[in-house]
Amino acid sequence: MRNNIILTGFSGTGKSDVGYIVSQIMNWTFLDTDQEIEKRASMAIPDIFEKRGEAEFRRLEKSVIAETLKFSESVISTGGGAIIDEENLYNMRETGFIICLEAKAETINTRISHQLNDKSSSRPLLAQGDTNQNIPQLKSQRQYKYSMADWTIHTDNLTPLEVAREVVRAWEINRDSSEYEERYNHSSKKPSFKVSTESLSYPVFVGSGILSQASEFLDTPQLSGQVFVISDEVLKDTHLVTLLNSLSISNIDVKTFLVPSGEQNKTINKAQEIYNWLTENKAERSSILLAFGGGVIGDLTGFVASTFLRGVKVIQVPTSLAAMVDASIGGKTAVNLPQGKNLVGAFHQPIAVLADLETLKTLSDRELASGWAEAIKHGLILDRDLFHLFETKAQDITSLDPDISEDIISRSMEIKARVIEQDEREITGKRMILNYGHTIGHGLEAASQYGTLLHGEAVSIGMMGAAMISYHMGLLSQSILDRQRSVLQNFNLPVTYNNIDPEDILKAIRLDKKVTSKKISWVLLEDISKTSIHTNVPEELVKETVYSLRT
């Protein structure tokens, strides 16, 4: 593991001040290469440039950097041009985690202008001429190499302490990812695939019978502390026993909290109960929460993990099909409010996901069908071949034929993972396509008080509503609309609803998280594996669609 933090970036980004603060926070050694160069040369940097030239300065700099990188647990502040040298960059990458401190040219000019008027300024390359031109020009020349850093922090509107905290946070994320990388590179328990986001990279394991080996799959130094399992109560006499037996073999300190089944328990009040339980059992920042159950448990546990002690680690062990192919991947966590679903939440990636397909064998047919809805959705929006399998292999898939079910489930999970990697926090809009069917679906759930429809059932009806809107807007052909309906029905999923007031659904839709500037962002289907986002769907068409779905 690269056990140094190396700060790079242009002059005026705060490398020295931030580096010292980081070293105090982490109780590490602080080294400033410019200061070390001055000690070695027995003169200030401007004098080195004036009397010996830039070439001699760069030779000294390379030697000093090579020496400082021999240390470990050090925070090293480097000169703004050090990373330009290929040998320096190579050595920095081999021995440390490189963080670039970035700032706009005008910010840098404001920060260092008073220093450049001083003849003893330690920034000789900027001391001559017009800084309004020099700074952007020199910064532009170096930007390509700055982009090679492992992490970038924009410092313009932050204090040195705030930047330092961001550096420490980046280091912790890198450390966690590196530990998992090292662990699984030397293990026979290879992940089915990995999810790599800006905030965290983590392994995903998919297979049959792997729950009994959970401690081996999740074997990591982090599990040497406390593990708090938050489980669906319905699993206490079956799969939970298997999980706890596996963890007990490794002498892991495990405590368990049981949550009654049902979406109605995904609330702030239930989260408060878990907070109290964690506090009573002296949970710490180093503790790990393990979500064991369906999507409700995954969302609830993830939300608690994201907020308790300002964030603790969480492992997702989904036991329902819906949770495997949807909720366990991507880091979305939330609890519901009476006014709508998932209105209070956070993004908080797990450190690992473990999906044992054996747990699916104890699900009811209805629960299984609900899970297939999300997998079918992935085929509809992103994978034509996957959707074709759902069309042609429905019987084999629904019977959990091992020759096809593991591949289908793992493939569906990975499809979602690849989307998450492109848009972890729904900033670019790429992740929004995963909400196909969810606008009406969430409205159905909220209007029925989360007690009538399973999540996948609501999404199935919602997908039919979205497809109907697409058809009436001239985006989708009748044949694709019919193919979607046929596949959903072949998997025993509803395509209509009853006993729910359409006006309540419409009211809930208006509160949807995807509403921006009072406009709803609709994910609409244009063809198999082709979607588009629309904010101009007529309200009257939405109303007609919601009413037409009622039987």
# chains A, B, ... in the order shown; residues from 1 in each chain; ligands from 1
call {"tool": "residues_around", "arguments": {"residues": "A:Gln213", "least_positions_apart": "6", "cutoff": "12 Å", "atoms": "only C-alpha atoms", "output": "short mmCIF file (atom, residue, chain, number, x, y, z; two decimals) with C-alpha atoms, in the first residue's frame"}}
result
data_model
loop_
_atom_site.label_atom_id
_atom_site.label_comp_id
_atom_site.auth_asym_id
_atom_site.auth_seq_id
_atom_site.Cartn_x
_atom_site.Cartn_y
_atom_site.Cartn_z
CA LYS A 189 -12.56 -15.62 -3.29
CA PHE A 205 -19.85 -11.46 -4.93
CA GLY A 207 -23.08 -17.19 -6.18
CA ASP A 219 -12.29 -11.37 5.33
CA THR A 242 -26.17 -19.35 8.53
CA LEU A 243 -24.68 -15.87 8.42
CA LEU A 244 -24.04 -15.64 12.18
CA ASN A 245 -22.48 -19.12 12.26
CA SER A 246 -20.08 -18.11 9.50
CA LEU A 247 -19.09 -14.88 11.24
CA SER A 248 -18.66 -16.65 14.58
CA ILE A 249 -15.98 -18.91 13.10
CA SER A 250 -13.76 -15.85 12.69
CA LEU A 354 -22.51 -10.44 -1.01
CA ALA A 355 -25.46 -12.03 -2.85
CA ASP A 356 -26.20 -15.70 -2.13
#
call {"tool": "residues_around", "arguments": {"residues": "A:Thr33", "least_positions_apart": "4", "cutoff": "7 Å", "atoms": "only C-alpha atoms", "output": "list in words"}}
result
Ile37, Val64, Ile65, Ser77, Thr78 and Gly79 of chain A
call {"tool": "write_last_selection", "arguments": {"atoms": "N, CA and C atoms", "output": "compact mmCIF listing (two decimals), in the first residue's frame"}}
result
# COMPACT_ATOMS: atom_id res chain seq x y z
N ILE A 37 15.01 21.55 -0.02
CA ILE A 37 15.95 22.01 -1.05
C ILE A 37 16.76 23.19 -0.53
N VAL A 64 15.94 15.51 -3.70
CA VAL A 64 15.20 15.66 -2.45
C VAL A 64 13.92 14.81 -2.46
N ILE A 65 13.22 14.82 -3.57
CA ILE A 65 11.99 14.04 -3.67
C ILE A 65 12.29 12.56 -3.53
N SER A 77 4.68 17.86 0.83
CA SER A 77 4.28 18.96 -0.03
C SER A 77 5.37 19.17 -1.07
N THR A 78 5.01 19.09 -2.35
CA THR A 78 6.00 19.23 -3.41
C THR A 78 5.83 20.56 -4.14
N GLY A 79 6.88 20.98 -4.81
CA GLY A 79 6.82 22.21 -5.59
C GLY A 79 5.88 22.07 -6.76
call {"tool": "select_by_dssp", "arguments": {"residues": "stretch 326-454 of chain A", "states": "helix (DSSP H, G or I)", "output": "count of residues only"}}
result
77
call {"tool": "closest_residue", "arguments": {"among": "A:Ser529, A:Ser140, A:Gln489, A:Thr307", "to": "A:His388", "atoms": "only C-alpha atoms"}}
result
A:Ser529
call {"tool": "atom_distance", "arguments": {"atom1": "atom CA of A:Leu337", "atom2": "atom CA of A:Ile268"}}
result
7.9 Å
call {"tool": "closest_residue", "arguments": {"among": "A:Gln226, A:Ser215, A:Gln422, A:Thr267", "to": "A:Leu343", "atoms": "only C-alpha atoms"}}
result
A:Thr267
call {"tool": "select_by_dssp", "arguments": {"residues": "stretch 397-539 of chain A", "states": "strand (DSSP E)", "output": "PyMOL selection string"}}
result
chain A and resi 515-516+519-520+522-527+530-534
call {"tool": "write_last_selection", "arguments": {"atoms": "N, CA and C atoms", "output": "PDB file, in the first residue's frame"}}
result
ATOM      1  N   VAL A 515     -38.472  15.784  -9.422  1.00  0.00           N
ATOM      2  CA  VAL A 515     -39.066  17.066  -9.788  1.00  0.00           C
ATOM      3  C   VAL A 515     -38.017  18.169  -9.630  1.00  0.00           C
ATOM      4  N   THR A 516     -37.783  18.937 -10.699  1.00  0.00           N
ATOM      5  CA  THR A 516     -36.855  20.056 -10.676  1.00  0.00           C
ATOM      6  C   THR A 516     -37.561  21.270 -11.258  1.00  0.00           C
ATOM      7  N   LYS A 519     -40.924  20.779 -12.468  1.00  0.00           N
ATOM      8  CA  LYS A 519     -41.106  19.954 -13.649  1.00  0.00           C
ATOM      9  C   LYS A 519     -40.614  18.536 -13.356  1.00  0.00           C
ATOM     10  N   ILE A 520     -41.410  17.545 -13.724  1.00  0.00           N
ATOM     11  CA  ILE A 520     -41.046  16.154 -13.483  1.00  0.00           C
ATOM     12  C   ILE A 520     -40.152  15.663 -14.617  1.00  0.00           C
ATOM     13  N   TRP A 522     -39.149  12.739 -16.670  1.00  0.00           N
ATOM     14  CA  TRP A 522     -39.658  11.417 -17.026  1.00  0.00           C
ATOM     15  C   TRP A 522     -38.627  10.653 -17.847  1.00  0.00           C
ATOM     16  N   VAL A 523     -38.370   9.404 -17.449  1.00  0.00           N
ATOM     17  CA  VAL A 523     -37.538   8.508 -18.258  1.00  0.00           C
ATOM     18  C   VAL A 523     -38.484   7.763 -19.191  1.00  0.00           C
ATOM     19  N   LEU A 524     -38.329   7.995 -20.488  1.00  0.00           N
ATOM     20  CA  LEU A 524     -39.237   7.414 -21.467  1.00  0.00           C
ATOM     21  C   LEU A 524     -38.487   6.488 -22.418  1.00  0.00           C
ATOM     22  N   LEU A 525     -39.167   5.446 -22.843  1.00  0.00           N
ATOM     23  CA  LEU A 525     -38.577   4.431 -23.719  1.00  0.00           C
ATOM     24  C   LEU A 525     -38.845   4.784 -25.180  1.00  0.00           C
ATOM     25  N   GLU A 526     -37.792   4.691 -26.002  1.00  0.00           N
ATOM     26  CA  GLU A 526     -37.939   4.907 -27.438  1.00  0.00           C
ATOM     27  C   GLU A 526     -37.792   3.607 -28.224  1.00  0.00           C
ATOM     28  N   ASP A 527     -37.053   2.665 -27.645  1.00  0.00           N
ATOM     29  CA  ASP A 527     -36.845   1.344 -28.246  1.00  0.00           C
ATOM     30  C   ASP A 527     -36.222   0.479 -27.157  1.00  0.00           C
ATOM     31  N   LYS A 530     -33.014   1.845 -25.473  1.00  0.00           N
ATOM     32  CA  LYS A 530     -32.869   3.261 -25.822  1.00  0.00           C
ATOM     33  C   LYS A 530     -33.899   4.088 -25.061  1.00  0.00           C
ATOM     34  N   THR A 531     -33.421   5.023 -24.263  1.00  0.00           N
ATOM     35  CA  THR A 531     -34.296   5.880 -23.461  1.00  0.00           C
ATOM     36  C   THR A 531     -33.966   7.343 -23.691  1.00  0.00           C
ATOM     37  N   SER A 532     -34.818   8.212 -23.203  1.00  0.00           N
ATOM     38  CA  SER A 532     -34.564   9.651 -23.217  1.00  0.00           C
ATOM     39  C   SER A 532     -35.271  10.280 -22.025  1.00  0.00           C
ATOM     40  N   ILE A 533     -34.800  11.442 -21.614  1.00  0.00           N
ATOM     41  CA  ILE A 533     -35.346  12.151 -20.462  1.00  0.00           C
ATOM     42  C   ILE A 533     -36.192  13.323 -20.968  1.00  0.00           C
ATOM     43  N   HIS A 534     -37.407  13.463 -20.406  1.00  0.00           N
ATOM     44  CA  HIS A 534     -38.309  14.527 -20.854  1.00  0.00           C
ATOM     45  C   HIS A 534     -38.908  15.251 -19.645  1.00  0.00           C
TER      46      HIS A 534
END
call {"tool": "residues_around", "arguments": {"residues": "A:Asp401", "least_positions_apart": "4", "cutoff": "12 Å", "atoms": "only C-alpha atoms", "output": "count of residues only"}}
result
15
call {"tool": "residues_around", "arguments": {"residues": "A:Gly330", "least_positions_apart": "3", "cutoff": "10 Å", "atoms": "only C-alpha atoms", "output": "JSON, numbers by chain"}}
result
{"A": [195, 196, 197, 326, 327, 333, 347, 348, 349, 350, 413, 416, 417, 418, 419, 420, 421, 423, 424, 425, 431]}
call {"tool": "write_last_selection", "arguments": {"atoms": "N, CA and C atoms", "output": "PDB file, in the first residue's frame"}}
result
ATOM      1  N   VAL A 195     -17.307  -2.559  -8.350  1.00  0.00           N
ATOM      2  CA  VAL A 195     -17.919  -1.263  -8.601  1.00  0.00           C
ATOM      3  C   VAL A 195     -16.886  -0.206  -8.230  1.00  0.00           C
ATOM      4  N   SER A 196     -16.584   0.698  -9.152  1.00  0.00           N
ATOM      5  CA  SER A 196     -15.575   1.726  -8.892  1.00  0.00           C
ATOM      6  C   SER A 196     -16.199   3.101  -9.083  1.00  0.00           C
ATOM      7  N   THR A 197     -16.470   3.771  -7.973  1.00  0.00           N
ATOM      8  CA  THR A 197     -17.046   5.110  -8.016  1.00  0.00           C
ATOM      9  C   THR A 197     -16.023   6.121  -7.525  1.00  0.00           C
ATOM     10  N   ASP A 326     -30.978  -4.394  -7.534  1.00  0.00           N
ATOM     11  CA  ASP A 326     -31.251  -2.959  -7.480  1.00  0.00           C
ATOM     12  C   ASP A 326     -30.680  -2.289  -6.237  1.00  0.00           C
ATOM     13  N   ALA A 327     -31.300  -2.495  -5.088  1.00  0.00           N
ATOM     14  CA  ALA A 327     -31.018  -1.658  -3.912  1.00  0.00           C
ATOM     15  C   ALA A 327     -29.604  -1.812  -3.366  1.00  0.00           C
ATOM     16  N   THR A 333     -29.348   5.463  -0.210  1.00  0.00           N
ATOM     17  CA  THR A 333     -29.946   5.070   1.063  1.00  0.00           C
ATOM     18  C   THR A 333     -31.043   6.069   1.396  1.00  0.00           C
ATOM     19  N   PHE A 347     -26.285   9.460  -0.252  1.00  0.00           N
ATOM     20  CA  PHE A 347     -25.489   8.521  -1.030  1.00  0.00           C
ATOM     21  C   PHE A 347     -24.387   7.984  -0.125  1.00  0.00           C
ATOM     22  N   HIS A 348     -24.311   6.668   0.022  1.00  0.00           N
ATOM     23  CA  HIS A 348     -23.326   6.064   0.922  1.00  0.00           C
ATOM     24  C   HIS A 348     -23.000   4.665   0.398  1.00  0.00           C
ATOM     25  N   GLN A 349     -21.888   4.550  -0.313  1.00  0.00           N
ATOM     26  CA  GLN A 349     -21.535   3.274  -0.946  1.00  0.00           C
ATOM     27  C   GLN A 349     -21.155   2.227   0.102  1.00  0.00           C
ATOM     28  N   PRO A 350     -21.524   0.960  -0.132  1.00  0.00           N
ATOM     29  CA  PRO A 350     -21.076  -0.115   0.759  1.00  0.00           C
ATOM     30  C   PRO A 350     -19.609  -0.429   0.515  1.00  0.00           C
ATOM     31  N   MET A 413     -27.003  -6.992 -12.146  1.00  0.00           N
ATOM     32  CA  MET A 413     -26.331  -6.197 -11.115  1.00  0.00           C
ATOM     33  C   MET A 413     -25.198  -5.378 -11.723  1.00  0.00           C
ATOM     34  N   LYS A 416     -26.285  -2.239 -13.659  1.00  0.00           N
ATOM     35  CA  LYS A 416     -26.524  -1.087 -12.792  1.00  0.00           C
ATOM     36  C   LYS A 416     -25.207  -0.493 -12.307  1.00  0.00           C
ATOM     37  N   ALA A 417     -24.236  -1.362 -11.976  1.00  0.00           N
ATOM     38  CA  ALA A 417     -22.944  -0.877 -11.487  1.00  0.00           C
ATOM     39  C   ALA A 417     -22.264   0.024 -12.502  1.00  0.00           C
ATOM     40  N   ARG A 418     -22.326  -0.360 -13.785  1.00  0.00           N
ATOM     41  CA  ARG A 418     -21.662   0.442 -14.816  1.00  0.00           C
ATOM     42  C   ARG A 418     -22.314   1.817 -14.955  1.00  0.00           C
ATOM     43  N   VAL A 419     -23.631   1.883 -14.741  1.00  0.00           N
ATOM     44  CA  VAL A 419     -24.308   3.184 -14.771  1.00  0.00           C
ATOM     45  C   VAL A 419     -23.876   4.028 -13.577  1.00  0.00           C
ATOM     46  N   ILE A 420     -23.826   3.399 -12.400  1.00  0.00           N
ATOM     47  CA  ILE A 420     -23.434   4.105 -11.176  1.00  0.00           C
ATOM     48  C   ILE A 420     -22.049   4.714 -11.326  1.00  0.00           C
ATOM     49  N   GLU A 421     -21.148   3.974 -11.944  1.00  0.00           N
ATOM     50  CA  GLU A 421     -19.776   4.463 -12.097  1.00  0.00           C
ATOM     51  C   GLU A 421     -19.716   5.746 -12.921  1.00  0.00           C
ATOM     52  N   ASP A 423     -22.176   8.047 -13.018  1.00  0.00           N
ATOM     53  CA  ASP A 423     -22.954   9.153 -12.428  1.00  0.00           C
ATOM     54  C   ASP A 423     -23.380   8.767 -11.020  1.00  0.00           C
ATOM     55  N   GLU A 424     -22.413   8.734 -10.104  1.00  0.00           N
ATOM     56  CA  GLU A 424     -22.662   8.205  -8.760  1.00  0.00           C
ATOM     57  C   GLU A 424     -23.776   8.951  -8.037  1.00  0.00           C
ATOM     58  N   ARG A 425     -23.811  10.274  -8.165  1.00  0.00           N
ATOM     59  CA  ARG A 425     -24.736  11.085  -7.377  1.00  0.00           C
ATOM     60  C   ARG A 425     -25.809  11.786  -8.219  1.00  0.00           C
ATOM     61  N   ARG A 431     -27.449   8.488 -14.524  1.00  0.00           N
ATOM     62  CA  ARG A 431     -28.031   7.531 -13.595  1.00  0.00           C
ATOM     63  C   ARG A 431     -29.560   7.585 -13.613  1.00  0.00           C
TER      64      ARG A 431
END
call {"tool": "residues_around", "arguments": {"residues": "A:Ala105", "least_positions_apart": "2", "cutoff": "10 Å", "atoms": "only C-alpha atoms", "output": "JSON, numbers by chain"}}
result
{"A": [10, 12, 13, 102, 103, 107, 108, 109, 110, 111, 131, 132, 133, 134, 135, 136, 137, 139, 140, 156]}
call {"tool": "closest_residue", "arguments": {"among": "A:Val204, A:Ile528, A:Ile404, A:Ile505", "to": "A:Leu481", "atoms": "only C-alpha atoms"}}
result
A:Ile528
call {"tool": "closest_residue", "arguments": {"among": "A:Leu475, A:Ile45, A:Ala373, A:Val487", "to": "A:Phe390", "atoms": "only C-alpha atoms"}}
result
A:Val487
